[in-house]
Every structure is written in structure tokens, then in C-alpha cells.
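Visitor: One structure coming up, written as C-alpha cells, with questions to follow.
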Amino acid sequence: MRVLVACEFSGIVRDAFIAKGHDAVSCDLLPSERPGPHIQGDVLEILDDGWDMMIAHPPCTRLCNSGVRWLEERNLWDDLEDSATFFWHLLNAKIPKIAIENPIPHKYAVMLIGRKYDQIIQPWQFGHGETKATCLWLKALPNLKPTNITEGREARIHKMSPGKDRGRLRSTTYQGIADAMAEQWG
Ligand SMILES: C[S@@+](CC[C@H](N)C(=O)[O-])C[C@H]1O[C@@H](n2cnc3c(N)ncnc32)[C@H](O)[C@@H]1O
């Protein structure tokens, strides 16, 4: 399968699909953190390039429920609209199978995106003893089944002190979730 992994700089989901024998390519405005097939640029420009599946991780800062109060306090409504429009284009791309992951959205985001998510997953369901609710919007793909339910549900990344790596680590996909996507959807 030709798999586009949109908005991914880590290469984690891309490499999980490659390990299962797929022709997977990541795309991000940033370079890939590790070597592998990667397109550095705007993913909207390559959505029509004949992909069989897309897994996307669009920016969540203005869409997620945890940041909703900043919309009013900092007048970020235009940013919200830009982020939701970008998300909408991914969700409505003409690609047969699509999964988009993002944290729990606030009500304005759901309204602009056009629909609620299909599933919520947690890292602790996939071998990582941590909590981080992650929503999946799915097109022609089944819900992701837990692969390894673990003990210890501490939100390690939430407790990390601020630093230049915190944002990167917070947004990087968990390996167990990437492996489950490749195993169950690939
Ligand atoms: C929340 S991060 C996702 C990181 C991902 N989970 C990973 O493991 O690499 C969102 C990413 O979307 C990228 N992005 C934003 N706009 C984009 C665009 N138009 N085309 C491609 N990537 C974009 C950002 O550069 C950022 O790396």
C-alpha cells in the first residue's frame, strides 16, 4: 500500500508501516528526524498523489480542549479557523482510508471540523504506562484494538518541566500505537 503519514517529523508511524512492507512516506514542514522517505513541505499539495491510506497528525494547539481558554483570552479565533480548515482538508481528502489523530477537541473545533472523533485511545492500551487521551477520526478503517494493556498510568510528559524538548516529545507518536496502526491497518 502507498501510505502517506502527514504531519510527521519523527518517522515513527512511517517506519512502522515500512517494517510491514508498505511504501510509506512521511511529510512535514520540518525535516525528518531520522533517515527515511520524507517529503519536506506542505502536505496539502500532495494529497491527490494516489495514496491508498493517510495517517495524519495535524497541529492541535488551537483545536484541543486543554487550550480552549486562550481563544478568548488571546483572541485566537483566526488561528482556530486556520487550524480547523487544515484539519478539514485532511479529513476530506480523496484518499480511500484515513486516520487523523489529535487530542480531545473543544466544541468550536468539532463544529468547524464538521464531526466528532470515532475513538479515544490511550498509550497504556499499547504498552506504555502513561495517560494521554488521543482521539482518532477514521474513514474506512476499524477502531484500533488495544495490543498490550499495562499498569501504571502516570502522565509522564505532562509532568515534564518546560524545555526545548518538551513540545517535541509531547507530540511524538508512541511506538506501541504506531506498531498497532501498521499491524491492524496495514
Ligand atoms: C503535533 S505535530 C505532530 C508530530 C508527529 N506526531 C510526529 O511524531 O512527528 C504537528 C506537525 O504538523 C506539521 N505541519 C503543520 N502544517 C503542516 C503542513 N501544511 N504540511 C505538513 N506538515 C505540517 C508541523 O510541522 C508539526 O511537525
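Labels for the C-alpha cells follow display order: chains A, B, ..., residues from 1 in each chain, ligands from 1.
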I need the strand (DSSP E or B) residues of range 14-166 of chain A per DSSP on the backbone, written as a PyMOL selection string.

Guide: chain A and resi 23-28+38-40+53-56+64+97-102+105+119-121+126+134-139+148

Visitor: Neighbours of Trp185 in chain A within 10 Å (only C-alpha atoms; same-chain residues fewer than 3 positions away dropped), as a list in words?

Guide: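 Everything that qualifies: Phe17, Met53, Lys97, Ala99, Leu141, Pro142, Asn143, Leu144, Asp179, Ala180, Met181 and Ala182 of chain A.
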
Visitor: Let me see if you get this right: every residue at most 9 Å from ligand 1, counting only C-alpha atoms and all ligand atoms, written as a PyMOL selection string.

Guide: chain A and resi 6-13+26-33+39-45+56-61+83+86+101-102+167-174

Visitor: Under the rule that only C-alpha atoms are counted, which of A:Ile121, A:Tyr108, A:Ala178, A:Ile98 is the nearest residue to Ala84 in chain A?

Guide: A:Tyr108

Visitor: List every residue of range 43-124 of chain A that DSSP, applied to the backbone of this structure, assigns to helix (DSSP H, G or I), and report them as number ranges by chain.

Guide: A: 43-46, 65-73, 77-91, 107-113, 123-124

Visitor: Next, the residues of the selection above should be written as a PDB file, in the first residue's frame with C-alpha atoms.

Guide:
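Generated file (part-v8.pdb):
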```
ATOM      1  CA  VAL A  43       1.077  18.182   2.754  1.00  0.00           C
ATOM      2  CA  LEU A  44      -1.991  19.814   1.143  1.00  0.00           C
ATOM      3  CA  GLU A  45      -0.042  19.915  -2.122  1.00  0.00           C
ATOM      4  CA  ILE A  46       0.437  16.136  -2.289  1.00  0.00           C
ATOM      5  CA  ASN A  65      -9.837  21.274  24.727  1.00  0.00           C
ATOM      6  CA  SER A  66      -6.906  21.923  27.077  1.00  0.00           C
ATOM      7  CA  GLY A  67      -6.162  25.201  25.230  1.00  0.00           C
ATOM      8  CA  VAL A  68      -9.724  26.446  24.759  1.00  0.00           C
ATOM      9  CA  ARG A  69      -9.468  29.347  27.238  1.00  0.00           C
ATOM     10  CA  TRP A  70      -6.700  31.021  25.204  1.00  0.00           C
ATOM     11  CA  LEU A  71      -9.064  31.501  22.263  1.00  0.00           C
ATOM     12  CA  GLU A  72     -10.997  34.154  24.170  1.00  0.00           C
ATOM     13  CA  GLU A  73      -8.164  35.469  26.369  1.00  0.00           C
ATOM     14  CA  TRP A  77     -10.195  32.811  16.736  1.00  0.00           C
ATOM     15  CA  ASP A  78      -8.471  33.331  13.362  1.00  0.00           C
ATOM     16  CA  ASP A  79      -5.800  30.783  14.297  1.00  0.00           C
ATOM     17  CA  LEU A  80      -8.547  28.371  15.295  1.00  0.00           C
ATOM     18  CA  GLU A  81     -10.205  28.778  11.916  1.00  0.00           C
ATOM     19  CA  ASP A  82      -6.909  28.172  10.063  1.00  0.00           C
ATOM     20  CA  SER A  83      -6.165  25.020  12.091  1.00  0.00           C
ATOM     21  CA  ALA A  84      -9.688  23.664  11.672  1.00  0.00           C
ATOM     22  CA  THR A  85      -9.651  24.352   7.925  1.00  0.00           C
ATOM     23  CA  PHE A  86      -6.352  22.480   7.589  1.00  0.00           C
ATOM     24  CA  PHE A  87      -7.799  19.559   9.601  1.00  0.00           C
ATOM     25  CA  TRP A  88     -10.960  19.607   7.451  1.00  0.00           C
ATOM     26  CA  HIS A  89      -8.917  19.339   4.230  1.00  0.00           C
ATOM     27  CA  LEU A  90      -7.097  16.298   5.601  1.00  0.00           C
ATOM     28  CA  LEU A  91     -10.309  14.636   6.780  1.00  0.00           C
ATOM     29  CA  LYS A 107     -16.704  22.277  20.882  1.00  0.00           C
ATOM     30  CA  TYR A 108     -15.722  25.062  18.454  1.00  0.00           C
ATOM     31  CA  ALA A 109     -13.190  22.752  16.785  1.00  0.00           C
ATOM     32  CA  VAL A 110     -15.752  19.939  16.443  1.00  0.00           C
ATOM     33  CA  MET A 111     -18.173  22.395  14.870  1.00  0.00           C
ATOM     34  CA  LEU A 112     -15.621  23.691  12.341  1.00  0.00           C
ATOM     35  CA  ILE A 113     -14.156  20.258  11.552  1.00  0.00           C
ATOM     36  CA  PRO A 123      -0.844   4.890  25.441  1.00  0.00           C
ATOM     37  CA  TRP A 124      -1.433   2.465  28.352  1.00  0.00           C
TER      38      TRP A 124
END
```

Visitor: I need the residue nearest Glu183 in chain A from this list: A:Pro105, A:Gly114, A:Gly50, A:Pro146. Use only C-alpha atoms for the distance.

Guide: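 Nearest to Glu183 in chain A: A:Pro146.
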
Visitor: In Å, rounded to a single decimal, give me how far CA of Ile18 in chain A is from CA of Thr131 in chain A.

Guide: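 So the answer is 27.2 Å.
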
Visitor: For CA of Leu138 in chain A and CA of Gln175 in chain A, determine how far apart the two atoms are, in Å to one decimal place.

Guide: 19.6 Å

Visitor: Pick from A:Leu76, A:Cys64, A:Ala19, A:Ile95: nearest to Asp48 in chain A, with only C-alpha atoms counted?

Guide: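 Smallest separation from Asp48 in chain A among the options: A:Ile95.
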
Visitor: Just checking: using only C-alpha atoms, which residue out of A:Asp23, A:Lys94, A:Asn148, A:His128 ends up closest to Gly36 in chain A?

Guide: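 Nearest candidate to Gly36 in chain A out of A:Asp23, A:Lys94, A:Asn148, A:His128: A:Asp23.
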
Visitor: How many Å lie between CA of Val3 in chain A and CA of Gln125 in chain A, rounded to one decimal?

Guide: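 About the pair CA of Val3 in chain A and CA of Gln125 in chain A: they are 24.1 Å apart.
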
Visitor: Here is a test: counting only C-alpha atoms, which residue of A:Arg74, A:Arg2, A:Arg14, A:Arg62 is nearest to Asp49 in chain A?

Guide: A:Arg2
